[in-house]
Amino acid sequence: MKKKVLLMGASGSGKTSMRSLIFSNNPASLTARLGATIDVEQNHVRFLGDLILNLWDCGGQDAFMDSYLTTQRSTIFQHVGVMIYVFDIESQGMGKDLEYYRDCIEGLKQFSPEAAVFLLVHKMDLAREPKSAVFDKKKKELEDASGDGVVTVFGTSIYDESLYKAWSSIVHTLIPNAAVLSKHLTTFAAACSATEVILFERTTFLVIATSSSVSPSLSSGFTEANDLNRHQLNPTRYERTSELVKAFKHSCSRVREEFHSLEMELYDFTAVLDEMTKNTYVLVIVHDPTIETAALKLNIRMARRKFEELQGDSLLS
């Protein structure tokens with residue numbers, strides 16, 4: 001099953017850098033070496049086994065944008081599942097950026113009216129303080145430019161966890177029946193007496209589903225469950241975990257070692273990160289000090305067959 005994802009925005013806005021960070025496992029420090037995208041660069045990214053993201057990274061130079069909107073219009077905007085439009089927070093040509101963006105929205109309405117639209121206000125690390133006020137102003141500007149269309153806006157940077165939050169939300173919309181996975185994670189968490197269970201995609205370490213009552217695609221990470229509030233879980237815990245594990249995996253590869261699993265026993269909680277299926281990892285968080293990591297790993301091993309079936313059913317739906 002293929003899902004077409006358009007990655008668009010002005011030249012230099014950071015599209016290729018974020019793609020490299022998320023899908024090629026390159027650290028942020030290496031993205032400066034990447035050159036500008038020429039015309040359209042297509043990549044087929046296998047995500048969750050049979051789900052393939054057909055990622056179209058579209059060069060943002062004016063000549064290319066004009067071509068996308070005229071001679072290549074039907075080719076670019078047909079069969080799109082998601083369009084991600086990236087705006088540079090420090091852009092000096094915002095008027096032209098918005099003009100191209102509106103034209104792209106019209107192209108989507110014509111050829112892919114059901115496509116989801118995500119807007120990334122990128123390079124937020126360069127924004128002058130206060131960042132929240134800068135983002136809120138830009139978000140309102142983009143929502144106004146979108147007219148009556150439904151859009152989701154994120155502030156992102158390659159130097160913190162915000163990029164993982166945005167992309168986790170994006171891919172979450174492309175996974176059929178993700179809610180079914182969340183339901184079974186909740187059951188699994190209860191069986192383990194776990195505070196929370198999170199399922200990650202193996203390569204990108206983006207969040208697929210959680211046992212929490214609020215989907216990561218619909219919130220900043222806060223959850224209303226009393227048990228979670230009692231332990232004061234960090235609202236950015238999902239994307240922070242993605243960022244840290246990806247960095248650790250990169251460190252392992254530099255010394256020619258391979259990452260398999262992780263166990264942590266701290267004074268206030270225990271965490272086990274292990275393979276759940278051939279395409280996913282699961283993180284189990286427990287605050288009960290009487291529960292041993294060996295018991296958690298046994299439960300994960302026993303649940304693997306069921307989650308392989310669930311994952312297959314989800315992708316076939």
# chains A, B, ... in the order shown; residues from 1 in each chain; ligands from 1
$ residues_around --residues "stretch 123-139 of chain A" --least-positions-apart "4" --cutoff "7 Å" --atoms "only C-alpha atoms" --output "VMD selection string"
chain A and resid 88 to 89 143 153 155 to 157
$ write_last_selection --atoms "N, CA and C atoms" --output "PDB file, in the first residue's frame"
ATOM      1  N   ASP A  88       9.968  28.917   6.212  1.00  0.00           N
ATOM      2  CA  ASP A  88      11.135  29.359   6.979  1.00  0.00           C
ATOM      3  C   ASP A  88      10.710  30.532   7.859  1.00  0.00           C
ATOM      4  N   ILE A  89      10.917  30.412   9.173  1.00  0.00           N
ATOM      5  CA  ILE A  89      10.490  31.448  10.109  1.00  0.00           C
ATOM      6  C   ILE A  89      11.161  32.789   9.815  1.00  0.00           C
ATOM      7  N   GLU A 143      -3.127  30.162   8.900  1.00  0.00           N
ATOM      8  CA  GLU A 143      -4.524  29.707   8.942  1.00  0.00           C
ATOM      9  C   GLU A 143      -5.427  30.658   8.161  1.00  0.00           C
ATOM     10  N   VAL A 153      -0.853  23.125  12.021  1.00  0.00           N
ATOM     11  CA  VAL A 153       0.381  23.895  12.005  1.00  0.00           C
ATOM     12  C   VAL A 153       1.278  23.484  13.165  1.00  0.00           C
ATOM     13  N   GLY A 155       5.351  24.184  14.885  1.00  0.00           N
ATOM     14  CA  GLY A 155       6.637  24.864  14.898  1.00  0.00           C
ATOM     15  C   GLY A 155       7.721  23.815  15.032  1.00  0.00           C
ATOM     16  N   THR A 156       8.748  23.840  14.162  1.00  0.00           N
ATOM     17  CA  THR A 156       9.743  22.770  14.163  1.00  0.00           C
ATOM     18  C   THR A 156      11.167  23.295  14.072  1.00  0.00           C
ATOM     19  N   SER A 157      12.086  22.438  14.464  1.00  0.00           N
ATOM     20  CA  SER A 157      13.522  22.699  14.340  1.00  0.00           C
ATOM     21  C   SER A 157      14.225  21.357  14.275  1.00  0.00           C
TER      22      SER A 157
END
$ closest_atom_pairs --of "stretch 75-98 of chain A" --to "stretch 166-178 of chain A" --cutoff "12 Å" --atoms "only C-alpha atoms" --output "Markdown table"
| residue | atom | partner | partner_atom | distance |
| --- | --- | --- | --- | --- |
| A:Val80 | CA | A:Leu174 | CA | 11.2 |
| A:Gly81 | CA | A:Leu174 | CA | 7.5 |
| A:Val82 | CA | A:Ile170 | CA | 7.8 |
| A:Met83 | CA | A:Ile170 | CA | 9.5 |
| A:Ile84 | CA | A:Ile170 | CA | 8.6 |
| A:Tyr85 | CA | A:Ile170 | CA | 11.9 |
| A:Val86 | CA | A:Ala166 | CA | 11.6 |
$ write_last_selection --atoms "C-alpha atoms" --output "mmCIF file, in the first residue's frame"
data_model
loop_
_atom_site.group_PDB
_atom_site.id
_atom_site.type_symbol
_atom_site.label_atom_id
_atom_site.label_comp_id
_atom_site.auth_asym_id
_atom_site.auth_seq_id
_atom_site.Cartn_x
_atom_site.Cartn_y
_atom_site.Cartn_z
ATOM 1 C CA VAL A 80 -1.839 12.903 -2.722
ATOM 2 C CA GLY A 81 -2.434 11.573 0.784
ATOM 3 C CA VAL A 82 -0.661 14.367 2.663
ATOM 4 C CA MET A 83 0.905 17.683 1.686
ATOM 5 C CA ILE A 84 3.543 19.121 4.006
ATOM 6 C CA TYR A 85 4.346 22.767 3.277
ATOM 7 C CA VAL A 86 7.421 24.179 5.007
#
$ residues_around --residues "stretch 278-292 of chain A" --least-positions-apart "3" --cutoff "6 Å" --atoms "only C-alpha atoms" --output "short mmCIF file (atom, residue, chain, number, x, y, z; two decimals) with C-alpha atoms, in the first residue's frame"
data_model
loop_
_atom_site.label_atom_id
_atom_site.label_comp_id
_atom_site.auth_asym_id
_atom_site.auth_seq_id
_atom_site.Cartn_x
_atom_site.Cartn_y
_atom_site.Cartn_z
CA LEU A 48 5.64 -0.42 8.87
CA ALA A 194 2.54 -0.35 33.21
CA THR A 195 1.98 3.37 33.50
CA GLU A 196 2.28 3.79 29.77
CA VAL A 197 3.24 1.86 26.62
CA ILE A 198 4.43 3.51 23.37
CA LEU A 199 4.86 1.85 19.97
CA PHE A 200 7.55 3.25 17.64
CA GLU A 201 8.31 2.58 13.98
CA ARG A 202 11.61 0.74 13.82
CA PHE A 269 10.56 4.20 37.41
CA THR A 270 11.64 1.31 35.18
CA ALA A 271 11.74 1.44 31.38
CA VAL A 272 12.20 -1.35 28.84
CA LEU A 273 12.63 -0.65 25.12
CA ASP A 274 12.53 -3.79 22.98
CA GLU A 275 11.44 -5.12 19.60
CA ALA A 295 8.78 -9.91 33.57
#
$ residues_around --residues "A:Phe259" --least-positions-apart "2" --cutoff "12 Å" --atoms "only C-alpha atoms" --output "PyMOL selection string"
chain A and resi 202-203+245-257+261-262+273-275+281
$ write_last_selection --atoms "C-alpha atoms" --output "mmCIF file, in the first residue's frame"
data_model
loop_
_atom_site.group_PDB
_atom_site.id
_atom_site.type_symbol
_atom_site.label_atom_id
_atom_site.label_comp_id
_atom_site.auth_asym_id
_atom_site.auth_seq_id
_atom_site.Cartn_x
_atom_site.Cartn_y
_atom_site.Cartn_z
ATOM 1 C CA ARG A 202 11.606 0.739 13.820
ATOM 2 C CA THR A 203 13.661 2.868 11.393
ATOM 3 C CA VAL A 245 17.020 6.921 20.754
ATOM 4 C CA LYS A 246 17.810 7.994 17.181
ATOM 5 C CA ALA A 247 20.913 9.827 18.487
ATOM 6 C CA PHE A 248 21.942 6.755 20.495
ATOM 7 C CA LYS A 249 21.462 4.477 17.465
ATOM 8 C CA HIS A 250 23.660 6.816 15.420
ATOM 9 C CA SER A 251 26.350 6.645 18.120
ATOM 10 C CA CYS A 252 26.184 2.843 18.028
ATOM 11 C CA SER A 253 26.622 2.807 14.262
ATOM 12 C CA ARG A 254 29.695 5.041 14.501
ATOM 13 C CA VAL A 255 31.463 2.377 16.569
ATOM 14 C CA ARG A 256 30.070 -0.384 14.300
ATOM 15 C CA GLU A 257 27.661 -1.719 16.874
ATOM 16 C CA SER A 261 17.181 -3.094 23.200
ATOM 17 C CA LEU A 262 17.464 -0.906 26.275
ATOM 18 C CA LEU A 273 12.627 -0.649 25.125
ATOM 19 C CA ASP A 274 12.530 -3.791 22.984
ATOM 20 C CA GLU A 275 11.436 -5.117 19.600
ATOM 21 C CA TYR A 281 9.802 -1.164 18.946
#
$ select_by_dssp --residues "stretch 153-215 of chain A" --states "helix (DSSP H, G or I)" --output "PDB file with all heavy atoms, in the first residue's frame"
ATOM      1  N   SER A 162      10.904  18.849  18.431  1.00  0.00           N
ATOM      2  CA  SER A 162       9.684  19.324  17.776  1.00  0.00           C
ATOM      3  C   SER A 162       9.453  18.692  16.404  1.00  0.00           C
ATOM      4  O   SER A 162       8.307  18.481  15.989  1.00  0.00           O
ATOM      5  CB  SER A 162       9.727  20.856  17.642  1.00  0.00           C
ATOM      6  OG  SER A 162      10.859  21.270  16.887  1.00  0.00           O
ATOM      7  N   LEU A 163      10.527  18.382  15.693  1.00  0.00           N
ATOM      8  CA  LEU A 163      10.391  17.785  14.365  1.00  0.00           C
ATOM      9  C   LEU A 163       9.780  16.387  14.453  1.00  0.00           C
ATOM     10  O   LEU A 163       8.966  15.992  13.608  1.00  0.00           O
ATOM     11  CB  LEU A 163      11.761  17.718  13.680  1.00  0.00           C
ATOM     12  CG  LEU A 163      11.749  17.406  12.180  1.00  0.00           C
ATOM     13  CD1 LEU A 163      11.005  18.489  11.407  1.00  0.00           C
ATOM     14  CD2 LEU A 163      13.180  17.286  11.664  1.00  0.00           C
ATOM     15  N   TYR A 164      10.152  15.634  15.500  1.00  0.00           N
ATOM     16  CA  TYR A 164       9.597  14.289  15.670  1.00  0.00           C
ATOM     17  C   TYR A 164       8.118  14.348  16.036  1.00  0.00           C
ATOM     18  O   TYR A 164       7.331  13.499  15.604  1.00  0.00           O
ATOM     19  CB  TYR A 164      10.387  13.528  16.742  1.00  0.00           C
ATOM     20  CG  TYR A 164      11.758  13.132  16.276  1.00  0.00           C
ATOM     21  CD1 TYR A 164      12.863  13.937  16.547  1.00  0.00           C
ATOM     22  CD2 TYR A 164      11.953  11.976  15.534  1.00  0.00           C
ATOM     23  CE1 TYR A 164      14.129  13.586  16.103  1.00  0.00           C
ATOM     24  CE2 TYR A 164      13.214  11.617  15.084  1.00  0.00           C
ATOM     25  CZ  TYR A 164      14.293  12.424  15.377  1.00  0.00           C
ATOM     26  OH  TYR A 164      15.545  12.085  14.922  1.00  0.00           O
ATOM     27  N   LYS A 165       7.747  15.346  16.833  1.00  0.00           N
ATOM     28  CA  LYS A 165       6.327  15.499  17.169  1.00  0.00           C
ATOM     29  C   LYS A 165       5.511  15.737  15.910  1.00  0.00           C
ATOM     30  O   LYS A 165       4.464  15.111  15.707  1.00  0.00           O
ATOM     31  CB  LYS A 165       6.150  16.669  18.141  1.00  0.00           C
ATOM     32  CG  LYS A 165       4.682  16.957  18.440  1.00  0.00           C
ATOM     33  CD  LYS A 165       4.530  18.171  19.322  1.00  0.00           C
ATOM     34  CE  LYS A 165       3.054  18.489  19.513  1.00  0.00           C
ATOM     35  NZ  LYS A 165       2.826  19.654  20.377  1.00  0.00           N
ATOM     36  N   ALA A 166       5.978  16.649  15.059  1.00  0.00           N
ATOM     37  CA  ALA A 166       5.244  16.981  13.839  1.00  0.00           C
ATOM     38  C   ALA A 166       5.133  15.770  12.917  1.00  0.00           C
ATOM     39  O   ALA A 166       4.039  15.428  12.434  1.00  0.00           O
ATOM     40  CB  ALA A 166       5.925  18.143  13.128  1.00  0.00           C
ATOM     41  N   TRP A 167       6.249  15.100  12.657  1.00  0.00           N
ATOM     42  CA  TRP A 167       6.241  13.979  11.712  1.00  0.00           C
ATOM     43  C   TRP A 167       5.494  12.767  12.276  1.00  0.00           C
ATOM     44  O   TRP A 167       4.887  12.001  11.517  1.00  0.00           O
ATOM     45  CB  TRP A 167       7.657  13.608  11.305  1.00  0.00           C
ATOM     46  CG  TRP A 167       8.157  14.475  10.194  1.00  0.00           C
ATOM     47  CD1 TRP A 167       8.806  15.672  10.291  1.00  0.00           C
ATOM     48  CD2 TRP A 167       8.008  14.215   8.785  1.00  0.00           C
ATOM     49  NE1 TRP A 167       9.077  16.171   9.046  1.00  0.00           N
ATOM     50  CE2 TRP A 167       8.606  15.308   8.097  1.00  0.00           C
ATOM     51  CE3 TRP A 167       7.453  13.187   8.038  1.00  0.00           C
ATOM     52  CZ2 TRP A 167       8.645  15.381   6.709  1.00  0.00           C
ATOM     53  CZ3 TRP A 167       7.495  13.259   6.654  1.00  0.00           C
ATOM     54  CH2 TRP A 167       8.085  14.351   6.003  1.00  0.00           C
ATOM     55  N   SER A 168       5.516  12.568  13.590  1.00  0.00           N
ATOM     56  CA  SER A 168       4.721  11.491  14.184  1.00  0.00           C
ATOM     57  C   SER A 168       3.242  11.744  13.935  1.00  0.00           C
ATOM     58  O   SER A 168       2.477  10.830  13.611  1.00  0.00           O
ATOM     59  CB  SER A 168       4.987  11.385  15.693  1.00  0.00           C
ATOM     60  OG  SER A 168       6.268  10.859  15.959  1.00  0.00           O
ATOM     61  N   SER A 169       2.822  12.988  14.079  1.00  0.00           N
ATOM     62  CA  SER A 169       1.426  13.344  13.829  1.00  0.00           C
ATOM     63  C   SER A 169       1.069  13.137  12.368  1.00  0.00           C
ATOM     64  O   SER A 169      -0.028  12.677  12.037  1.00  0.00           O
ATOM     65  CB  SER A 169       1.184  14.809  14.220  1.00  0.00           C
ATOM     66  OG  SER A 169       1.428  15.008  15.587  1.00  0.00           O
ATOM     67  N   ILE A 170       2.000  13.468  11.479  1.00  0.00           N
ATOM     68  CA  ILE A 170       1.750  13.321  10.040  1.00  0.00           C
ATOM     69  C   ILE A 170       1.578  11.855   9.657  1.00  0.00           C
ATOM     70  O   ILE A 170       0.598  11.478   9.002  1.00  0.00           O
ATOM     71  CB  ILE A 170       2.897  13.966   9.239  1.00  0.00           C
ATOM     72  CG1 ILE A 170       2.862  15.496   9.400  1.00  0.00           C
ATOM     73  CG2 ILE A 170       2.806  13.587   7.761  1.00  0.00           C
ATOM     74  CD1 ILE A 170       4.127  16.192   8.956  1.00  0.00           C
ATOM     75  N   VAL A 171       2.522  11.010  10.051  1.00  0.00           N
ATOM     76  CA  VAL A 171       2.437   9.603   9.645  1.00  0.00           C
ATOM     77  C   VAL A 171       1.272   8.899  10.336  1.00  0.00           C
ATOM     78  O   VAL A 171       0.731   7.923   9.814  1.00  0.00           O
ATOM     79  CB  VAL A 171       3.763   8.850   9.901  1.00  0.00           C
ATOM     80  CG1 VAL A 171       4.892   9.477   9.117  1.00  0.00           C
ATOM     81  CG2 VAL A 171       4.098   8.789  11.376  1.00  0.00           C
ATOM     82  N   HIS A 172       0.882   9.418  11.512  1.00  0.00           N
ATOM     83  CA  HIS A 172      -0.243   8.823  12.218  1.00  0.00           C
ATOM     84  C   HIS A 172      -1.507   8.880  11.379  1.00  0.00           C
ATOM     85  O   HIS A 172      -2.348   7.971  11.428  1.00  0.00           O
ATOM     86  CB  HIS A 172      -0.447   9.546  13.558  1.00  0.00           C
ATOM     87  CG  HIS A 172      -1.333   8.818  14.513  1.00  0.00           C
ATOM     88  ND1 HIS A 172      -2.696   9.043  14.591  1.00  0.00           N
ATOM     89  CD2 HIS A 172      -1.071   7.866  15.438  1.00  0.00           C
ATOM     90  CE1 HIS A 172      -3.219   8.270  15.519  1.00  0.00           C
ATOM     91  NE2 HIS A 172      -2.259   7.545  16.048  1.00  0.00           N
ATOM     92  N   ALA A 178      -5.103   3.008  13.264  1.00  0.00           N
ATOM     93  CA  ALA A 178      -4.114   3.217  14.328  1.00  0.00           C
ATOM     94  C   ALA A 178      -4.777   3.142  15.702  1.00  0.00           C
ATOM     95  O   ALA A 178      -4.150   2.748  16.689  1.00  0.00           O
ATOM     96  CB  ALA A 178      -3.425   4.573  14.143  1.00  0.00           C
ATOM     97  N   ALA A 179      -6.064   3.495  15.754  1.00  0.00           N
ATOM     98  CA  ALA A 179      -6.794   3.448  17.024  1.00  0.00           C
ATOM     99  C   ALA A 179      -6.888   2.018  17.558  1.00  0.00           C
ATOM    100  O   ALA A 179      -6.919   1.804  18.777  1.00  0.00           O
ATOM    101  CB  ALA A 179      -8.194   4.035  16.848  1.00  0.00           C
ATOM    102  N   VAL A 180      -6.922   1.038  16.648  1.00  0.00           N
ATOM    103  CA  VAL A 180      -6.976  -0.370  17.086  1.00  0.00           C
ATOM    104  C   VAL A 180      -5.679  -0.750  17.795  1.00  0.00           C
ATOM    105  O   VAL A 180      -5.693  -1.443  18.822  1.00  0.00           O
ATOM    106  CB  VAL A 180      -7.229  -1.291  15.875  1.00  0.00           C
ATOM    107  CG1 VAL A 180      -7.164  -2.752  16.286  1.00  0.00           C
ATOM    108  CG2 VAL A 180      -8.576  -0.972  15.240  1.00  0.00           C
ATOM    109  N   LEU A 181      -4.556  -0.290  17.248  1.00  0.00           N
ATOM    110  CA  LEU A 181      -3.277  -0.549  17.898  1.00  0.00           C
ATOM    111  C   LEU A 181      -3.244   0.089  19.280  1.00  0.00           C
ATOM    112  O   LEU A 181      -2.764  -0.518  20.245  1.00  0.00           O
ATOM    113  CB  LEU A 181      -2.130  -0.005  17.040  1.00  0.00           C
ATOM    114  CG  LEU A 181      -1.865  -0.724  15.720  1.00  0.00           C
ATOM    115  CD1 LEU A 181      -0.833   0.044  14.890  1.00  0.00           C
ATOM    116  CD2 LEU A 181      -1.373  -2.148  15.971  1.00  0.00           C
ATOM    117  N   SER A 182      -3.760   1.313  19.394  1.00  0.00           N
ATOM    118  CA  SER A 182      -3.783   2.001  20.693  1.00  0.00           C
ATOM    119  C   SER A 182      -4.635   1.241  21.705  1.00  0.00           C
ATOM    120  O   SER A 182      -4.267   1.114  22.876  1.00  0.00           O
ATOM    121  CB  SER A 182      -4.316   3.423  20.529  1.00  0.00           C
ATOM    122  OG  SER A 182      -3.427   4.224  19.796  1.00  0.00           O
ATOM    123  N   LYS A 183      -5.758   0.726  21.232  1.00  0.00           N
ATOM    124  CA  LYS A 183      -6.647  -0.037  22.125  1.00  0.00           C
ATOM    125  C   LYS A 183      -5.936  -1.261  22.693  1.00  0.00           C
ATOM    126  O   LYS A 183      -6.008  -1.546  23.897  1.00  0.00           O
ATOM    127  CB  LYS A 183      -7.900  -0.452  21.357  1.00  0.00           C
ATOM    128  CG  LYS A 183      -8.872  -1.295  22.171  1.00  0.00           C
ATOM    129  CD  LYS A 183     -10.063  -1.715  21.320  1.00  0.00           C
ATOM    130  CE  LYS A 183     -11.002  -2.628  22.113  1.00  0.00           C
ATOM    131  NZ  LYS A 183     -12.154  -3.077  21.271  1.00  0.00           N
ATOM    132  N   HIS A 184      -5.210  -1.972  21.843  1.00  0.00           N
ATOM    133  CA  HIS A 184      -4.526  -3.170  22.309  1.00  0.00           C
ATOM    134  C   HIS A 184      -3.289  -2.823  23.144  1.00  0.00           C
ATOM    135  O   HIS A 184      -2.903  -3.601  24.034  1.00  0.00           O
ATOM    136  CB  HIS A 184      -4.145  -4.069  21.130  1.00  0.00           C
ATOM    137  CG  HIS A 184      -5.301  -4.841  20.584  1.00  0.00           C
ATOM    138  ND1 HIS A 184      -6.207  -4.286  19.697  1.00  0.00           N
ATOM    139  CD2 HIS A 184      -5.730  -6.114  20.816  1.00  0.00           C
ATOM    140  CE1 HIS A 184      -7.127  -5.194  19.400  1.00  0.00           C
ATOM    141  NE2 HIS A 184      -6.855  -6.299  20.051  1.00  0.00           N
ATOM    142  N   LEU A 185      -2.683  -1.680  22.889  1.00  0.00           N
ATOM    143  CA  LEU A 185      -1.585  -1.236  23.759  1.00  0.00           C
ATOM    144  C   LEU A 185      -2.098  -0.937  25.166  1.00  0.00           C
ATOM    145  O   LEU A 185      -1.405  -1.195  26.151  1.00  0.00           O
ATOM    146  CB  LEU A 185      -0.911   0.014  23.176  1.00  0.00           C
ATOM    147  CG  LEU A 185       0.013  -0.187  21.983  1.00  0.00           C
ATOM    148  CD1 LEU A 185       0.522   1.162  21.475  1.00  0.00           C
ATOM    149  CD2 LEU A 185       1.201  -1.092  22.332  1.00  0.00           C
ATOM    150  N   THR A 186      -3.308  -0.397  25.238  1.00  0.00           N
ATOM    151  CA  THR A 186      -3.915  -0.132  26.546  1.00  0.00           C
ATOM    152  C   THR A 186      -4.145  -1.435  27.305  1.00  0.00           C
ATOM    153  O   THR A 186      -3.880  -1.537  28.511  1.00  0.00           O
ATOM    154  CB  THR A 186      -5.247   0.625  26.378  1.00  0.00           C
ATOM    155  OG1 THR A 186      -5.009   1.840  25.670  1.00  0.00           O
ATOM    156  CG2 THR A 186      -5.875   0.943  27.723  1.00  0.00           C
ATOM    157  N   THR A 187      -4.618  -2.446  26.592  1.00  0.00           N
ATOM    158  CA  THR A 187      -4.812  -3.771  27.202  1.00  0.00           C
ATOM    159  C   THR A 187      -3.477  -4.357  27.642  1.00  0.00           C
ATOM    160  O   THR A 187      -3.353  -4.918  28.742  1.00  0.00           O
ATOM    161  CB  THR A 187      -5.491  -4.720  26.198  1.00  0.00           C
ATOM    162  OG1 THR A 187      -6.744  -4.161  25.781  1.00  0.00           O
ATOM    163  CG2 THR A 187      -5.721  -6.095  26.815  1.00  0.00           C
ATOM    164  N   PHE A 188      -2.467  -4.218  26.803  1.00  0.00           N
ATOM    165  CA  PHE A 188      -1.133  -4.720  27.130  1.00  0.00           C
ATOM    166  C   PHE A 188      -0.561  -3.991  28.344  1.00  0.00           C
ATOM    167  O   PHE A 188       0.055  -4.608  29.225  1.00  0.00           O
ATOM    168  CB  PHE A 188      -0.214  -4.538  25.924  1.00  0.00           C
ATOM    169  CG  PHE A 188       1.209  -4.978  26.146  1.00  0.00           C
ATOM    170  CD1 PHE A 188       1.524  -6.322  26.277  1.00  0.00           C
ATOM    171  CD2 PHE A 188       2.234  -4.047  26.238  1.00  0.00           C
ATOM    172  CE1 PHE A 188       2.838  -6.730  26.496  1.00  0.00           C
ATOM    173  CE2 PHE A 188       3.542  -4.444  26.448  1.00  0.00           C
ATOM    174  CZ  PHE A 188       3.843  -5.785  26.580  1.00  0.00           C
ATOM    175  N   ALA A 189      -0.764  -2.680  28.422  1.00  0.00           N
ATOM    176  CA  ALA A 189      -0.277  -1.905  29.565  1.00  0.00           C
ATOM    177  C   ALA A 189      -0.912  -2.387  30.860  1.00  0.00           C
ATOM    178  O   ALA A 189      -0.239  -2.510  31.892  1.00  0.00           O
ATOM    179  CB  ALA A 189      -0.570  -0.417  29.348  1.00  0.00           C
ATOM    180  N   ALA A 190      -2.216  -2.676  30.821  1.00  0.00           N
ATOM    181  CA  ALA A 190      -2.906  -3.169  32.014  1.00  0.00           C
ATOM    182  C   ALA A 190      -2.354  -4.523  32.444  1.00  0.00           C
ATOM    183  O   ALA A 190      -2.165  -4.791  33.636  1.00  0.00           O
ATOM    184  CB  ALA A 190      -4.403  -3.256  31.746  1.00  0.00           C
ATOM    185  N   ALA A 191      -2.056  -5.379  31.461  1.00  0.00           N
ATOM    186  CA  ALA A 191      -1.514  -6.709  31.767  1.00  0.00           C
ATOM    187  C   ALA A 191      -0.135  -6.621  32.403  1.00  0.00           C
ATOM    188  O   ALA A 191       0.239  -7.482  33.213  1.00  0.00           O
ATOM    189  CB  ALA A 191      -1.456  -7.546  30.496  1.00  0.00           C
ATOM    190  N   CYS A 192       0.621  -5.587  32.045  1.00  0.00           N
ATOM    191  CA  CYS A 192       1.981  -5.401  32.582  1.00  0.00           C
ATOM    192  C   CYS A 192       2.010  -4.531  33.831  1.00  0.00           C
ATOM    193  O   CYS A 192       3.086  -4.304  34.393  1.00  0.00           O
ATOM    194  CB  CYS A 192       2.878  -4.750  31.530  1.00  0.00           C
ATOM    195  SG  CYS A 192       3.146  -5.709  30.051  1.00  0.00           S
TER     196      CYS A 192
END
$ atom_distance --atom1 "atom CA of A:Val151" --atom2 "atom CA of A:Leu7"
14.7 Å
$ closest_residue --among "A:Ile105, A:Ala303, A:Leu206, A:Ala63" --to "A:Phe23" --atoms "only C-alpha atoms"
A:Leu206
$ residues_around --residues "A:Met94" --least-positions-apart "3" --cutoff "12 Å" --atoms "only C-alpha atoms" --output "list in words"
Gly9, Ala10, Ser13, Val86, Phe87, Asp88, Ile89, Glu90, Ser91, Asp97, Leu98, Glu99, Tyr100, Tyr101, Val121, Lys138, Glu141, Leu142 and Ala145 of chain A
